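> Here's a structure for you.
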2 protein chains.
Amino acid sequence: MKAIVTVMLKTGVLDPQGKAIGHALHGLGFPQVGEVRVGKVIELELAETDPEAAKTAGAEMARKLLANTVIESFKVEIAA
Amino acid sequence: MKAIVTVMLKTGVLDPQGKAIGHALHGLGFPQVGEVRVGKVIELELAETDPEAAKTAGAEMARKLLANTVIESFKVEIAA
């Protein structure tokens with residue numbers, strides 16, 4: 001069973017990497033780009049067979065290692 | 001309109017960051033973790049109002065800047 005953890009900076013936390021990407025896209029001829037935010041996706045192959053248990057485990061891993069919950073929020077999705 | 005571009009290393013491309021996370025999770029007491037792959041999410045705020053146009057623009061940006069298509073694959077999703 002696969003758990004997909006997405007970690008994004010919380011709203012209001014400055015995202016310099018996103019800003020840089022936004023500027024670069026403007027320079028490449030994409031004037032329609034507004035705010036850009038960058039985050040991480042972590043795909044975890046888990047031994048769990050129960051989706052609920054996999055989700056709980058993924059959230060615990062996010063809290064303990066994958067996300068810095070002071071400045072980052074995360075969500076856990078389960079893929080087939 | 002928001003486009004979400006997810007960039008992952010292609011299957012078969014070694015992912016040392018994922019390996020490191022896997023080892024760290026084992027050490028933290030998550031023996032159920034198998035393969036771990038790490039990627040990027042880029043959330044783009046776009047001026048487009050047509051979902052199809054936004055998707056096309058997002059894919060073009062991914063090809064030109066956000067993904068290294070030699071070793072990375074990407075997908076574009078449109079959020080409301």
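In the structure tokens, the first chain shown is A, the next is B, and so on; residue numbers restart at 1 for each chain, and ligands run from 1 in the order shown.
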Please identify all residues of chain A having at least one atom at most 8 Å from any atom of chain B, considering only C-alpha atoms, and return them as a short mmCIF file (atom, residue, chain, number, x, y, z; two decimals) with N, CA and C atoms, in the first residue's frame.

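Below is the file that was written, out_20.cif:
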```cif
data_model
loop_
_atom_site.label_atom_id
_atom_site.label_comp_id
_atom_site.auth_asym_id
_atom_site.auth_seq_id
_atom_site.Cartn_x
_atom_site.Cartn_y
_atom_site.Cartn_z
N THR A 6 2.30 14.89 1.32
CA THR A 6 2.62 16.16 0.67
C THR A 6 2.90 17.19 1.75
N GLY A 18 9.81 29.42 -4.21
CA GLY A 18 8.64 29.70 -5.03
C GLY A 18 8.76 31.05 -5.74
N LEU A 25 9.79 32.02 -14.38
CA LEU A 25 8.69 31.76 -15.33
C LEU A 25 8.29 33.04 -16.06
N PHE A 30 5.97 33.56 -19.34
CA PHE A 30 4.70 33.15 -18.74
C PHE A 30 4.21 34.26 -17.81
N GLN A 32 1.33 35.11 -17.02
CA GLN A 32 0.09 34.80 -16.29
C GLN A 32 0.32 34.18 -14.92
N VAL A 33 1.60 33.92 -14.57
CA VAL A 33 1.89 33.25 -13.31
C VAL A 33 1.83 34.24 -12.14
N GLY A 34 1.04 33.92 -11.14
CA GLY A 34 0.97 34.72 -9.93
C GLY A 34 1.84 34.09 -8.86
N GLU A 35 1.24 33.83 -7.70
CA GLU A 35 2.03 33.28 -6.60
C GLU A 35 2.45 31.83 -6.90
N VAL A 36 3.65 31.50 -6.51
CA VAL A 36 4.15 30.14 -6.67
C VAL A 36 4.60 29.64 -5.30
N ARG A 37 4.18 28.43 -4.93
CA ARG A 37 4.62 27.83 -3.66
C ARG A 37 5.19 26.45 -3.99
N VAL A 38 6.28 26.11 -3.32
CA VAL A 38 6.94 24.84 -3.60
C VAL A 38 6.88 23.95 -2.36
N GLY A 39 6.61 22.69 -2.57
CA GLY A 39 6.58 21.74 -1.47
C GLY A 39 7.22 20.42 -1.87
N LYS A 40 7.12 19.46 -0.98
CA LYS A 40 7.70 18.14 -1.21
C LYS A 40 6.61 17.08 -1.26
N VAL A 41 6.83 16.05 -2.05
CA VAL A 41 5.98 14.86 -2.00
C VAL A 41 6.85 13.69 -1.60
N ILE A 42 6.40 12.91 -0.67
CA ILE A 42 7.15 11.72 -0.28
C ILE A 42 6.24 10.50 -0.48
N GLU A 43 6.62 9.62 -1.39
CA GLU A 43 5.85 8.40 -1.65
C GLU A 43 6.44 7.27 -0.83
N LEU A 44 5.63 6.71 0.06
CA LEU A 44 6.11 5.66 0.95
C LEU A 44 5.42 4.35 0.62
N GLU A 45 6.20 3.32 0.36
CA GLU A 45 5.66 1.99 0.17
C GLU A 45 5.54 1.36 1.56
N LEU A 46 4.32 1.03 1.98
CA LEU A 46 4.10 0.54 3.35
C LEU A 46 3.61 -0.89 3.35
N ALA A 47 3.95 -1.63 4.42
CA ALA A 47 3.52 -3.02 4.54
C ALA A 47 2.05 -3.12 4.94
N GLU A 48 1.50 -2.03 5.50
CA GLU A 48 0.09 -2.04 5.92
C GLU A 48 -0.84 -2.44 4.77
N MET A 61 4.68 9.50 10.65
CA MET A 61 6.01 9.71 10.04
C MET A 61 6.19 11.17 9.67
N LEU A 65 9.24 13.11 11.25
CA LEU A 65 10.43 13.30 10.41
C LEU A 65 10.20 14.16 9.18
#
```
> Write out chain A, as an mmCIF file with C-alpha atoms, in the first residue's frame, after superposing it onto chain B by least squares using every C-alpha atom paired in order.

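Done, and the output landed in superposed-v3.cif:
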```cif
data_model
loop_
_atom_site.group_PDB
_atom_site.id
_atom_site.type_symbol
_atom_site.label_atom_id
_atom_site.label_comp_id
_atom_site.auth_asym_id
_atom_site.auth_seq_id
_atom_site.Cartn_x
_atom_site.Cartn_y
_atom_site.Cartn_z
ATOM 1 C CA MET A 1 -7.013 29.098 -11.201
ATOM 2 C CA LYS A 2 -4.414 26.926 -9.522
ATOM 3 C CA ALA A 3 -2.207 24.416 -11.346
ATOM 4 C CA ILE A 4 -0.367 21.840 -9.262
ATOM 5 C CA VAL A 5 2.702 20.363 -10.944
ATOM 6 C CA THR A 6 4.136 17.238 -9.326
ATOM 7 C CA VAL A 7 7.663 16.284 -10.379
ATOM 8 C CA MET A 8 9.035 12.841 -9.515
ATOM 9 C CA LEU A 9 12.205 11.029 -10.514
ATOM 10 C CA LYS A 10 11.467 8.464 -13.227
ATOM 11 C CA THR A 11 11.230 4.822 -12.192
ATOM 12 C CA GLY A 12 14.712 3.324 -12.213
ATOM 13 C CA VAL A 13 16.493 6.585 -11.430
ATOM 14 C CA LEU A 14 18.305 6.263 -8.096
ATOM 15 C CA ASP A 15 16.775 8.435 -5.367
ATOM 16 C CA PRO A 16 19.358 8.897 -2.588
ATOM 17 C CA GLN A 17 17.138 11.346 -0.697
ATOM 18 C CA GLY A 18 14.359 8.759 -0.625
ATOM 19 C CA LYS A 19 16.801 6.088 0.523
ATOM 20 C CA ALA A 20 17.991 8.347 3.351
ATOM 21 C CA ILE A 21 14.425 9.011 4.464
ATOM 22 C CA GLY A 22 13.698 5.269 4.400
ATOM 23 C CA HIS A 23 16.701 4.543 6.625
ATOM 24 C CA ALA A 24 15.757 7.336 9.012
ATOM 25 C CA LEU A 25 12.173 6.035 9.285
ATOM 26 C CA HIS A 26 13.437 2.522 10.056
ATOM 27 C CA GLY A 27 15.616 4.017 12.789
ATOM 28 C CA LEU A 28 12.623 5.907 14.193
ATOM 29 C CA GLY A 29 10.632 2.694 14.609
ATOM 30 C CA PHE A 30 8.756 2.332 11.320
ATOM 31 C CA PRO A 31 9.906 -1.075 10.058
ATOM 32 C CA GLN A 32 6.933 -1.320 7.685
ATOM 33 C CA VAL A 33 8.437 1.259 5.308
ATOM 34 C CA GLY A 34 9.642 -0.128 1.981
ATOM 35 C CA GLU A 35 10.745 1.996 -0.945
ATOM 36 C CA VAL A 36 10.624 5.764 -0.509
ATOM 37 C CA ARG A 37 10.689 8.240 -3.415
ATOM 38 C CA VAL A 38 10.842 11.991 -3.021
ATOM 39 C CA GLY A 39 9.554 14.584 -5.451
ATOM 40 C CA LYS A 40 8.513 18.208 -5.697
ATOM 41 C CA VAL A 41 5.120 19.888 -5.850
ATOM 42 C CA ILE A 42 4.845 23.316 -7.404
ATOM 43 C CA GLU A 43 1.569 25.200 -6.878
ATOM 44 C CA LEU A 44 1.112 27.881 -9.523
ATOM 45 C CA GLU A 45 -1.520 30.594 -9.303
ATOM 46 C CA LEU A 46 -2.471 31.255 -12.947
ATOM 47 C CA ALA A 47 -4.492 33.999 -14.623
ATOM 48 C CA GLU A 48 -6.130 31.441 -16.940
ATOM 49 C CA THR A 49 -9.822 30.814 -16.321
ATOM 50 C CA ASP A 50 -10.108 27.774 -18.599
ATOM 51 C CA PRO A 51 -8.943 24.533 -16.912
ATOM 52 C CA GLU A 52 -7.671 23.054 -20.204
ATOM 53 C CA ALA A 53 -5.602 26.171 -20.988
ATOM 54 C CA ALA A 54 -4.244 26.196 -17.432
ATOM 55 C CA LYS A 55 -3.241 22.546 -17.739
ATOM 56 C CA THR A 56 -1.482 23.161 -21.046
ATOM 57 C CA ALA A 57 0.365 26.164 -19.627
ATOM 58 C CA GLY A 58 1.397 24.173 -16.545
ATOM 59 C CA ALA A 59 2.755 21.355 -18.695
ATOM 60 C CA GLU A 60 4.727 23.823 -20.819
ATOM 61 C CA MET A 61 6.237 25.403 -17.683
ATOM 62 C CA ALA A 62 7.133 21.955 -16.388
ATOM 63 C CA ARG A 63 8.867 21.084 -19.657
ATOM 64 C CA LYS A 64 10.726 24.408 -19.849
ATOM 65 C CA LEU A 65 11.732 24.908 -16.219
ATOM 66 C CA LEU A 66 10.207 22.830 -13.457
ATOM 67 C CA ALA A 67 11.187 19.312 -14.471
ATOM 68 C CA ASN A 68 14.332 17.825 -15.931
ATOM 69 C CA THR A 69 12.561 15.518 -18.348
ATOM 70 C CA VAL A 70 15.687 13.399 -18.855
ATOM 71 C CA ILE A 71 15.385 11.945 -15.366
ATOM 72 C CA GLU A 72 12.073 13.330 -14.075
ATOM 73 C CA SER A 73 8.439 12.859 -15.016
ATOM 74 C CA PHE A 74 5.689 15.319 -14.139
ATOM 75 C CA LYS A 75 1.938 15.557 -13.916
ATOM 76 C CA VAL A 76 -0.273 18.643 -13.900
ATOM 77 C CA GLU A 77 -3.507 18.849 -11.923
ATOM 78 C CA ILE A 78 -5.925 21.732 -11.813
ATOM 79 C CA ALA A 79 -7.409 22.806 -8.467
ATOM 80 C CA ALA A 80 -10.536 24.933 -8.195
#
```
> Name the residues of chain A that fall into helix (DSSP H, G or I) according to DSSP on the backbone, using the chain letters and numbers of this document, as a list in words.
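Written out, the helix (DSSP H, G or I) residues of chain A are Pro16, Gln17, Gly18, Lys19, Ala20, Ile21, Gly22, His23, Ala24, Leu25, His26, Gly27, Pro51, Glu52, Ala53, Ala54, Lys55, Thr56, Ala57, Gly58, Ala59, Glu60, Met61, Ala62, Arg63, Lys64, Leu65 and Leu66 of chain A.
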> I need the chosen residues saved as an mmCIF file, in the first residue's frame, with N, CA, C and O atoms.

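Final output, result.cif:
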```cif
data_model
loop_
_atom_site.group_PDB
_atom_site.id
_atom_site.type_symbol
_atom_site.label_atom_id
_atom_site.label_comp_id
_atom_site.auth_asym_id
_atom_site.auth_seq_id
_atom_site.Cartn_x
_atom_site.Cartn_y
_atom_site.Cartn_z
ATOM 1 N N PRO A 16 10.979 31.546 -0.574
ATOM 2 C CA PRO A 16 11.906 32.149 -1.538
ATOM 3 C C PRO A 16 12.080 31.301 -2.800
ATOM 4 O O PRO A 16 12.256 31.840 -3.889
ATOM 5 N N GLN A 17 12.029 29.971 -2.634
ATOM 6 C CA GLN A 17 12.172 29.089 -3.790
ATOM 7 C C GLN A 17 11.009 29.297 -4.765
ATOM 8 O O GLN A 17 11.201 29.388 -5.976
ATOM 9 N N GLY A 18 9.810 29.423 -4.207
ATOM 10 C CA GLY A 18 8.635 29.704 -5.030
ATOM 11 C C GLY A 18 8.758 31.047 -5.742
ATOM 12 O O GLY A 18 8.461 31.160 -6.929
ATOM 13 N N LYS A 19 9.218 32.049 -5.001
ATOM 14 C CA LYS A 19 9.411 33.380 -5.584
ATOM 15 C C LYS A 19 10.386 33.310 -6.762
ATOM 16 O O LYS A 19 10.156 33.896 -7.823
ATOM 17 N N ALA A 20 11.483 32.578 -6.569
ATOM 18 C CA ALA A 20 12.495 32.455 -7.621
ATOM 19 C C ALA A 20 11.908 31.780 -8.861
ATOM 20 O O ALA A 20 12.161 32.199 -9.998
ATOM 21 N N ILE A 21 11.126 30.748 -8.642
ATOM 22 C CA ILE A 21 10.489 30.051 -9.765
ATOM 23 C C ILE A 21 9.531 30.990 -10.487
ATOM 24 O O ILE A 21 9.494 31.041 -11.719
ATOM 25 N N GLY A 22 8.763 31.774 -9.726
ATOM 26 C CA GLY A 22 7.845 32.741 -10.324
ATOM 27 C C GLY A 22 8.583 33.735 -11.223
ATOM 28 O O GLY A 22 8.176 33.962 -12.364
ATOM 29 N N HIS A 23 9.691 34.278 -10.712
ATOM 30 C CA HIS A 23 10.477 35.226 -11.508
ATOM 31 C C HIS A 23 11.007 34.558 -12.773
ATOM 32 O O HIS A 23 10.956 35.128 -13.861
ATOM 33 N N ALA A 24 11.513 33.348 -12.619
ATOM 34 C CA ALA A 24 12.073 32.636 -13.773
ATOM 35 C C ALA A 24 10.999 32.383 -14.827
ATOM 36 O O ALA A 24 11.234 32.539 -16.026
ATOM 37 N N LEU A 25 9.786 32.024 -14.379
ATOM 38 C CA LEU A 25 8.695 31.764 -15.334
ATOM 39 C C LEU A 25 8.292 33.043 -16.060
ATOM 40 O O LEU A 25 8.033 33.025 -17.266
ATOM 41 N N HIS A 26 8.264 34.170 -15.342
ATOM 42 C CA HIS A 26 7.979 35.447 -16.005
ATOM 43 C C HIS A 26 9.014 35.701 -17.096
ATOM 44 O O HIS A 26 8.679 36.058 -18.219
ATOM 45 N N GLY A 27 10.286 35.470 -16.752
ATOM 46 C CA GLY A 27 11.369 35.691 -17.707
ATOM 47 C C GLY A 27 11.291 34.770 -18.909
ATOM 48 O O GLY A 27 11.747 35.097 -20.003
ATOM 49 N N PRO A 51 -6.086 0.733 4.642
ATOM 50 C CA PRO A 51 -5.867 2.131 4.269
ATOM 51 C C PRO A 51 -5.848 3.079 5.472
ATOM 52 O O PRO A 51 -5.009 3.988 5.528
ATOM 53 N N GLU A 52 -6.736 2.830 6.459
ATOM 54 C CA GLU A 52 -6.783 3.722 7.626
ATOM 55 C C GLU A 52 -5.491 3.649 8.422
ATOM 56 O O GLU A 52 -4.944 4.664 8.851
ATOM 57 N N ALA A 53 -4.983 2.397 8.617
ATOM 58 C CA ALA A 53 -3.732 2.204 9.357
ATOM 59 C C ALA A 53 -2.573 2.841 8.604
ATOM 60 O O ALA A 53 -1.681 3.467 9.210
ATOM 61 N N ALA A 54 -2.581 2.722 7.277
ATOM 62 C CA ALA A 54 -1.513 3.295 6.463
ATOM 63 C C ALA A 54 -1.526 4.815 6.587
ATOM 64 O O ALA A 54 -0.474 5.464 6.702
ATOM 65 N N LYS A 55 -2.723 5.385 6.601
ATOM 66 C CA LYS A 55 -2.858 6.838 6.707
ATOM 67 C C LYS A 55 -2.342 7.335 8.060
ATOM 68 O O LYS A 55 -1.621 8.324 8.148
ATOM 69 N N THR A 56 -2.712 6.594 9.108
ATOM 70 C CA THR A 56 -2.250 6.963 10.451
ATOM 71 C C THR A 56 -0.734 6.882 10.539
ATOM 72 O O THR A 56 -0.081 7.783 11.080
ATOM 73 N N ALA A 57 -0.164 5.806 9.993
ATOM 74 C CA ALA A 57 1.288 5.641 10.028
ATOM 75 C C ALA A 57 1.967 6.766 9.250
ATOM 76 O O ALA A 57 2.954 7.349 9.712
ATOM 77 N N GLY A 58 1.416 7.099 8.087
ATOM 78 C CA GLY A 58 1.989 8.172 7.266
ATOM 79 C C GLY A 58 1.983 9.498 8.002
ATOM 80 O O GLY A 58 2.971 10.245 7.974
ATOM 81 N N ALA A 59 0.875 9.775 8.706
ATOM 82 C CA ALA A 59 0.774 11.035 9.442
ATOM 83 C C ALA A 59 1.788 11.076 10.585
ATOM 84 O O ALA A 59 2.406 12.112 10.855
ATOM 85 N N GLU A 60 1.988 9.914 11.233
ATOM 86 C CA GLU A 60 2.955 9.863 12.334
ATOM 87 C C GLU A 60 4.376 10.102 11.811
ATOM 88 O O GLU A 60 5.168 10.822 12.418
ATOM 89 N N MET A 61 4.680 9.497 10.646
ATOM 90 C CA MET A 61 6.010 9.709 10.043
ATOM 91 C C MET A 61 6.195 11.167 9.667
ATOM 92 O O MET A 61 7.278 11.730 9.839
ATOM 93 N N ALA A 62 5.129 11.776 9.149
ATOM 94 C CA ALA A 62 5.218 13.189 8.767
ATOM 95 C C ALA A 62 5.518 14.042 9.990
ATOM 96 O O ALA A 62 6.377 14.919 9.957
ATOM 97 N N ARG A 63 4.818 13.736 11.102
ATOM 98 C CA ARG A 63 4.999 14.533 12.316
ATOM 99 C C ARG A 63 6.393 14.342 12.897
ATOM 100 O O ARG A 63 7.010 15.272 13.405
ATOM 101 N N LYS A 64 6.907 13.076 12.811
ATOM 102 C CA LYS A 64 8.197 12.788 13.443
ATOM 103 C C LYS A 64 9.391 13.164 12.585
ATOM 104 O O LYS A 64 10.460 13.446 13.100
ATOM 105 N N LEU A 65 9.242 13.105 11.249
ATOM 106 C CA LEU A 65 10.431 13.299 10.412
ATOM 107 C C LEU A 65 10.204 14.158 9.178
ATOM 108 O O LEU A 65 11.010 15.036 8.870
ATOM 109 N N LEU A 66 9.108 13.912 8.466
ATOM 110 C CA LEU A 66 9.018 14.459 7.107
ATOM 111 C C LEU A 66 8.684 15.947 7.064
ATOM 112 O O LEU A 66 9.108 16.653 6.161
#
```
> Write out as a PyMOL selection string the set of residues from chain B that DSSP, computed on the backbone, places in strand (DSSP E).
chain B and resi 2-9+33-46+72-79
> Let's have the selection written as a PDB file, in the first residue's frame, with N, CA and C atoms.

```pdb
ATOM      1  N   LYS B   2      -5.675  27.456 -10.067  1.00  0.00           N
ATOM      2  CA  LYS B   2      -4.421  26.935  -9.536  1.00  0.00           C
ATOM      3  C   LYS B   2      -4.000  25.651 -10.268  1.00  0.00           C
ATOM      4  N   ALA B   3      -2.760  25.630 -10.733  1.00  0.00           N
ATOM      5  CA  ALA B   3      -2.209  24.417 -11.338  1.00  0.00           C
ATOM      6  C   ALA B   3      -1.197  23.825 -10.369  1.00  0.00           C
ATOM      7  N   ILE B   4      -1.300  22.521 -10.164  1.00  0.00           N
ATOM      8  CA  ILE B   4      -0.367  21.842  -9.261  1.00  0.00           C
ATOM      9  C   ILE B   4       0.488  20.888 -10.083  1.00  0.00           C
ATOM     10  N   VAL B   5       1.772  21.196 -10.166  1.00  0.00           N
ATOM     11  CA  VAL B   5       2.693  20.370 -10.935  1.00  0.00           C
ATOM     12  C   VAL B   5       3.470  19.486  -9.961  1.00  0.00           C
ATOM     13  N   THR B   6       3.392  18.173 -10.165  1.00  0.00           N
ATOM     14  CA  THR B   6       4.131  17.232  -9.318  1.00  0.00           C
ATOM     15  C   THR B   6       5.267  16.642 -10.143  1.00  0.00           C
ATOM     16  N   VAL B   7       6.472  16.774  -9.648  1.00  0.00           N
ATOM     17  CA  VAL B   7       7.651  16.289 -10.369  1.00  0.00           C
ATOM     18  C   VAL B   7       8.285  15.159  -9.571  1.00  0.00           C
ATOM     19  N   MET B   8       8.411  13.989 -10.189  1.00  0.00           N
ATOM     20  CA  MET B   8       9.022  12.841  -9.511  1.00  0.00           C
ATOM     21  C   MET B   8      10.171  12.317 -10.380  1.00  0.00           C
ATOM     22  N   LEU B   9      11.158  11.718  -9.740  1.00  0.00           N
ATOM     23  CA  LEU B   9      12.198  11.025 -10.499  1.00  0.00           C
ATOM     24  C   LEU B   9      11.556   9.855 -11.236  1.00  0.00           C
ATOM     25  N   VAL B  33       8.183   0.409   6.470  1.00  0.00           N
ATOM     26  CA  VAL B  33       8.451   1.249   5.301  1.00  0.00           C
ATOM     27  C   VAL B  33       9.325   0.520   4.290  1.00  0.00           C
ATOM     28  N   GLY B  34       8.856   0.458   3.062  1.00  0.00           N
ATOM     29  CA  GLY B  34       9.636  -0.127   1.976  1.00  0.00           C
ATOM     30  C   GLY B  34      10.303   0.989   1.192  1.00  0.00           C
ATOM     31  N   GLU B  35      10.106   0.983  -0.119  1.00  0.00           N
ATOM     32  CA  GLU B  35      10.748   1.997  -0.950  1.00  0.00           C
ATOM     33  C   GLU B  35      10.171   3.392  -0.680  1.00  0.00           C
ATOM     34  N   VAL B  36      11.048   4.380  -0.676  1.00  0.00           N
ATOM     35  CA  VAL B  36      10.628   5.776  -0.501  1.00  0.00           C
ATOM     36  C   VAL B  36      11.138   6.580  -1.695  1.00  0.00           C
ATOM     37  N   ARG B  37      10.253   7.378  -2.304  1.00  0.00           N
ATOM     38  CA  ARG B  37      10.674   8.260  -3.404  1.00  0.00           C
ATOM     39  C   ARG B  37      10.253   9.681  -3.054  1.00  0.00           C
ATOM     40  N   VAL B  38      11.126  10.606  -3.349  1.00  0.00           N
ATOM     41  CA  VAL B  38      10.841  11.999  -3.006  1.00  0.00           C
ATOM     42  C   VAL B  38      10.705  12.829  -4.278  1.00  0.00           C
ATOM     43  N   GLY B  39       9.735  13.703  -4.296  1.00  0.00           N
ATOM     44  CA  GLY B  39       9.541  14.590  -5.446  1.00  0.00           C
ATOM     45  C   GLY B  39       9.178  15.983  -4.991  1.00  0.00           C
ATOM     46  N   LYS B  40       8.859  16.822  -5.978  1.00  0.00           N
ATOM     47  CA  LYS B  40       8.509  18.215  -5.688  1.00  0.00           C
ATOM     48  C   LYS B  40       7.075  18.485  -6.113  1.00  0.00           C
ATOM     49  N   VAL B  41       6.399  19.360  -5.398  1.00  0.00           N
ATOM     50  CA  VAL B  41       5.106  19.889  -5.842  1.00  0.00           C
ATOM     51  C   VAL B  41       5.281  21.377  -6.050  1.00  0.00           C
ATOM     52  N   ILE B  42       4.799  21.882  -7.156  1.00  0.00           N
ATOM     53  CA  ILE B  42       4.836  23.325  -7.392  1.00  0.00           C
ATOM     54  C   ILE B  42       3.403  23.796  -7.634  1.00  0.00           C
ATOM     55  N   GLU B  43       2.916  24.633  -6.742  1.00  0.00           N
ATOM     56  CA  GLU B  43       1.575  25.198  -6.883  1.00  0.00           C
ATOM     57  C   GLU B  43       1.667  26.538  -7.568  1.00  0.00           C
ATOM     58  N   LEU B  44       1.030  26.657  -8.724  1.00  0.00           N
ATOM     59  CA  LEU B  44       1.112  27.890  -9.520  1.00  0.00           C
ATOM     60  C   LEU B  44      -0.247  28.558  -9.559  1.00  0.00           C
ATOM     61  N   GLU B  45      -0.296  29.811  -9.166  1.00  0.00           N
ATOM     62  CA  GLU B  45      -1.518  30.603  -9.300  1.00  0.00           C
ATOM     63  C   GLU B  45      -1.505  31.190 -10.714  1.00  0.00           C
ATOM     64  N   LEU B  46      -2.490  30.810 -11.543  1.00  0.00           N
ATOM     65  CA  LEU B  46      -2.477  31.247 -12.949  1.00  0.00           C
ATOM     66  C   LEU B  46      -3.649  32.162 -13.255  1.00  0.00           C
ATOM     67  N   GLU B  72      13.280  13.103 -14.872  1.00  0.00           N
ATOM     68  CA  GLU B  72      12.078  13.323 -14.074  1.00  0.00           C
ATOM     69  C   GLU B  72      10.820  13.273 -14.935  1.00  0.00           C
ATOM     70  N   SER B  73       9.731  12.797 -14.350  1.00  0.00           N
ATOM     71  CA  SER B  73       8.435  12.865 -15.010  1.00  0.00           C
ATOM     72  C   SER B  73       7.573  13.846 -14.214  1.00  0.00           C
ATOM     73  N   PHE B  74       6.536  14.384 -14.856  1.00  0.00           N
ATOM     74  CA  PHE B  74       5.683  15.319 -14.133  1.00  0.00           C
ATOM     75  C   PHE B  74       4.224  15.088 -14.473  1.00  0.00           C
ATOM     76  N   LYS B  75       3.352  15.518 -13.590  1.00  0.00           N
ATOM     77  CA  LYS B  75       1.924  15.542 -13.906  1.00  0.00           C
ATOM     78  C   LYS B  75       1.353  16.891 -13.462  1.00  0.00           C
ATOM     79  N   VAL B  76       0.337  17.341 -14.184  1.00  0.00           N
ATOM     80  CA  VAL B  76      -0.269  18.633 -13.891  1.00  0.00           C
ATOM     81  C   VAL B  76      -1.727  18.399 -13.492  1.00  0.00           C
ATOM     82  N   GLU B  77      -2.110  18.921 -12.342  1.00  0.00           N
ATOM     83  CA  GLU B  77      -3.510  18.862 -11.914  1.00  0.00           C
ATOM     84  C   GLU B  77      -4.029  20.271 -11.764  1.00  0.00           C
ATOM     85  N   ILE B  78      -5.334  20.434 -11.950  1.00  0.00           N
ATOM     86  CA  ILE B  78      -5.931  21.748 -11.812  1.00  0.00           C
ATOM     87  C   ILE B  78      -6.823  21.739 -10.557  1.00  0.00           C
ATOM     88  N   ALA B  79      -6.577  22.690  -9.670  1.00  0.00           N
ATOM     89  CA  ALA B  79      -7.415  22.809  -8.472  1.00  0.00           C
ATOM     90  C   ALA B  79      -8.368  23.972  -8.677  1.00  0.00           C
TER      91      ALA B  79
END
```
